[in-house]
Amino acid sequence: MAKVCRCCGQEIKSDSKYIWILDNGHGGIIDGVYQTAGKRSPIWADGTQLFEGEFNRAIVKRIAKYCDENNIEYINLVDTNEDVSLSTRVKMANEVYRESDKPCIYVSVHANGFTDESANGWEVFTSPGETQSDHIATVLYEEVEKEFPNYKMRKDTSDGDVDKESNFYVLIHTAMPAILSENFFMTNERECKTLLLSEEGRDRIAKSHIEMINKIENE
């Protein structure tokens, strides 16, 4: 009988070393209404606009599809368009961790934003201090750097690795190694239109996360 996660009802497969807890940040779109205040790009001159929660879900769905096709264990933590609170997300992730007989890795997917449109580039965050998360973040950073050689890679090497550190709620309250990727800037017109709003750009961003998963699984 297939093992089912009690917190979300999703089937847990058993062919990989880890359970990947995939978390798409913020809410999605329900009946044409975006569920999260803010967290969106400007409306560009051509009328296009990015809603971050929709983008985050598009990336997680691509990663999940790959995992399904390759028998990699994962949980799509927020498999809904509702804007689930950070505390609930963490509670659900920690329940998966407690139920699992395998180690878990938490991956939170986001797009970045800033008041100055010139801000650009890609970055990944872990909790402060030296943790197991640092290595996972470094592997993801290297995969993104290979996939996007012509884009800025934002890093902090003051502690010997490339990830940035932050007290983001989902990084400091999860019980397992956890990383948070900020996948370019939705407030930068070039990055938003070329990468975040385009199917090709989304495929490439998802691919970088998938390559990271493959490398960690095969270590």
# chains A, B, ... in the order shown; residues from 1 in each chain; ligands from 1
>>> closest_atom_pairs(of="region 100-204 of chain A", to="region 27-43 of chain A", cutoff="9 Å", atoms="only C-alpha atoms", output="Markdown table")
| residue | atom | partner | partner_atom | distance |
| --- | --- | --- | --- | --- |
| A:Ala111 | CA | A:Lys39 | CA | 8.7 |
| A:Asn112 | CA | A:Lys39 | CA | 8.8 |
| A:Gly113 | CA | A:Ser41 | CA | 7.7 |
| A:Phe185 | CA | A:Ser41 | CA | 8.6 |
| A:Met186 | CA | A:Ser41 | CA | 5.1 |
| A:Thr187 | CA | A:Ser41 | CA | 5.1 |
| A:Asn188 | CA | A:Ser41 | CA | 8.2 |
| A:Glu189 | CA | A:Pro42 | CA | 8.6 |
| A:Cys192 | CA | A:Ser41 | CA | 7.7 |
>>> select_by_dssp(residues="chain A", states="alpha helix (DSSP H)", output="PyMOL selection string")
chain A and resi 52-69+86-99+133-147+169-172+189-191+199-218
>>> residues_around(residues="Lys102 (chain A)", least_positions_apart="6", cutoff="7 Å", atoms="only C-alpha atoms", output="PDB file with N, CA and C atoms, in the first residue's frame")
ATOM      1  N   LYS A  17      16.535   9.248  -1.983  1.00  0.00           N
ATOM      2  CA  LYS A  17      17.166   9.348  -0.670  1.00  0.00           C
ATOM      3  C   LYS A  17      16.438  10.311   0.254  1.00  0.00           C
ATOM      4  N   TYR A  18      15.801  11.314  -0.359  1.00  0.00           N
ATOM      5  CA  TYR A  18      15.183  12.385   0.411  1.00  0.00           C
ATOM      6  C   TYR A  18      13.713  12.545   0.037  1.00  0.00           C
ATOM      7  N   ILE A  19      12.976  13.210   0.902  1.00  0.00           N
ATOM      8  CA  ILE A  19      11.675  13.752   0.542  1.00  0.00           C
ATOM      9  C   ILE A  19      11.867  15.246   0.354  1.00  0.00           C
TER      10      ILE A  19
END
>>> residues_around(residues="Ile179 (chain A)", least_positions_apart="5", cutoff="9 Å", atoms="only C-alpha atoms", output="list in words")
Ile105, Tyr106, Val107, Ser108, Val109, Val124, Phe125, Thr126, Ser127, Ser133, Asp134, Ile136, Ala137, Val170 and Leu171 of chain A
>>> write_last_selection(atoms="N, CA and C atoms", output="PDB file, in the first residue's frame")
ATOM      1  N   ILE A 105      14.201  17.729   2.745  1.00  0.00           N
ATOM      2  CA  ILE A 105      14.814  19.000   2.358  1.00  0.00           C
ATOM      3  C   ILE A 105      13.699  19.930   1.899  1.00  0.00           C
ATOM      4  N   TYR A 106      13.678  21.122   2.456  1.00  0.00           N
ATOM      5  CA  TYR A 106      12.620  22.099   2.178  1.00  0.00           C
ATOM      6  C   TYR A 106      13.144  23.131   1.185  1.00  0.00           C
ATOM      7  N   VAL A 107      12.367  23.352   0.116  1.00  0.00           N
ATOM      8  CA  VAL A 107      12.748  24.315  -0.922  1.00  0.00           C
ATOM      9  C   VAL A 107      11.591  25.289  -1.136  1.00  0.00           C
ATOM     10  N   SER A 108      11.812  26.548  -0.792  1.00  0.00           N
ATOM     11  CA  SER A 108      10.803  27.593  -0.968  1.00  0.00           C
ATOM     12  C   SER A 108      11.151  28.408  -2.212  1.00  0.00           C
ATOM     13  N   VAL A 109      10.188  28.543  -3.121  1.00  0.00           N
ATOM     14  CA  VAL A 109      10.432  29.172  -4.424  1.00  0.00           C
ATOM     15  C   VAL A 109       9.745  30.539  -4.477  1.00  0.00           C
ATOM     16  N   VAL A 124      20.019  33.018  -3.377  1.00  0.00           N
ATOM     17  CA  VAL A 124      19.434  31.953  -2.569  1.00  0.00           C
ATOM     18  C   VAL A 124      19.766  32.220  -1.110  1.00  0.00           C
ATOM     19  N   PHE A 125      18.801  31.913  -0.232  1.00  0.00           N
ATOM     20  CA  PHE A 125      18.941  32.193   1.195  1.00  0.00           C
ATOM     21  C   PHE A 125      18.906  30.913   2.020  1.00  0.00           C
ATOM     22  N   THR A 126      19.648  30.957   3.141  1.00  0.00           N
ATOM     23  CA  THR A 126      19.555  29.940   4.180  1.00  0.00           C
ATOM     24  C   THR A 126      19.434  30.664   5.516  1.00  0.00           C
ATOM     25  N   SER A 127      19.186  29.918   6.577  1.00  0.00           N
ATOM     26  CA  SER A 127      19.170  30.509   7.912  1.00  0.00           C
ATOM     27  C   SER A 127      20.592  30.881   8.328  1.00  0.00           C
ATOM     28  N   SER A 133      22.067  23.275   5.213  1.00  0.00           N
ATOM     29  CA  SER A 133      21.409  23.989   4.118  1.00  0.00           C
ATOM     30  C   SER A 133      22.405  24.672   3.200  1.00  0.00           C
ATOM     31  N   ASP A 134      23.558  25.047   3.732  1.00  0.00           N
ATOM     32  CA  ASP A 134      24.531  25.810   2.949  1.00  0.00           C
ATOM     33  C   ASP A 134      24.976  25.050   1.702  1.00  0.00           C
ATOM     34  N   ILE A 136      23.389  22.630   0.078  1.00  0.00           N
ATOM     35  CA  ILE A 136      22.278  22.526  -0.874  1.00  0.00           C
ATOM     36  C   ILE A 136      22.129  23.829  -1.647  1.00  0.00           C
ATOM     37  N   ALA A 137      22.209  24.948  -0.925  1.00  0.00           N
ATOM     38  CA  ALA A 137      22.098  26.256  -1.571  1.00  0.00           C
ATOM     39  C   ALA A 137      23.229  26.482  -2.564  1.00  0.00           C
ATOM     40  N   VAL A 170      10.289  30.727   7.331  1.00  0.00           N
ATOM     41  CA  VAL A 170      10.303  29.337   6.866  1.00  0.00           C
ATOM     42  C   VAL A 170      11.696  28.720   6.913  1.00  0.00           C
ATOM     43  N   LEU A 171      12.722  29.531   7.065  1.00  0.00           N
ATOM     44  CA  LEU A 171      14.083  29.001   7.161  1.00  0.00           C
ATOM     45  C   LEU A 171      14.490  28.697   8.597  1.00  0.00           C
TER      46      LEU A 171
END
>>> atom_distance(atom1="CA of Ile63 (chain A)", atom2="CA of Asn167 (chain A)")
25.5 Å
>>> select_by_dssp(residues="chain A", states="strand (DSSP E or B)", output="MDAnalysis selection string")
chainID A and resid 3:4 11:12 19:24 29:30 33:34 40 51 74:76 104:112 122:126 153 164:165 178:185
>>> residues_around(residues="Glu130 (chain A)", least_positions_apart="5", cutoff="10 Å", atoms="only C-alpha atoms", output="list in words")
His135, Asp159, Gly160, Asp161 and Glu165 of chain A
>>> write_last_selection(atoms="N, CA and C atoms", output="compact mmCIF listing (two decimals), in the first residue's frame")
# COMPACT_ATOMS: atom_id res chain seq x y z
N HIS A 135 25.24 23.76 1.86
CA HIS A 135 25.71 22.96 0.72
C HIS A 135 24.62 22.85 -0.34
N ASP A 159 31.19 34.37 4.66
CA ASP A 159 31.32 33.22 5.54
C ASP A 159 31.82 31.98 4.79
N GLY A 160 32.33 32.18 3.58
CA GLY A 160 32.96 31.09 2.85
C GLY A 160 32.07 30.37 1.86
N ASP A 161 30.78 30.75 1.77
CA ASP A 161 29.92 30.15 0.77
C ASP A 161 29.08 31.24 0.11
N GLU A 165 22.19 34.87 4.06
CA GLU A 165 21.56 34.37 5.27
C GLU A 165 20.47 35.32 5.74
>>> closest_atom_pairs(of="region 64-155 of chain A", to="region 193-216 of chain A", cutoff="6 Å", atoms="only C-alpha atoms", output="CSV")
residue,atom,partner,partner_atom,distance
A:Val139,CA,A:Met212,CA,5.8
A:Leu140,CA,A:Met212,CA,5.1
A:Glu143,CA,A:Ser208,CA,5.3
A:Val144,CA,A:Ser208,CA,5.4
>>> residues_around(residues="Val84 (chain A)", least_positions_apart="5", cutoff="8 Å", atoms="only C-alpha atoms", output="PyMOL selection string")
chain A and resi 26-27+78+89
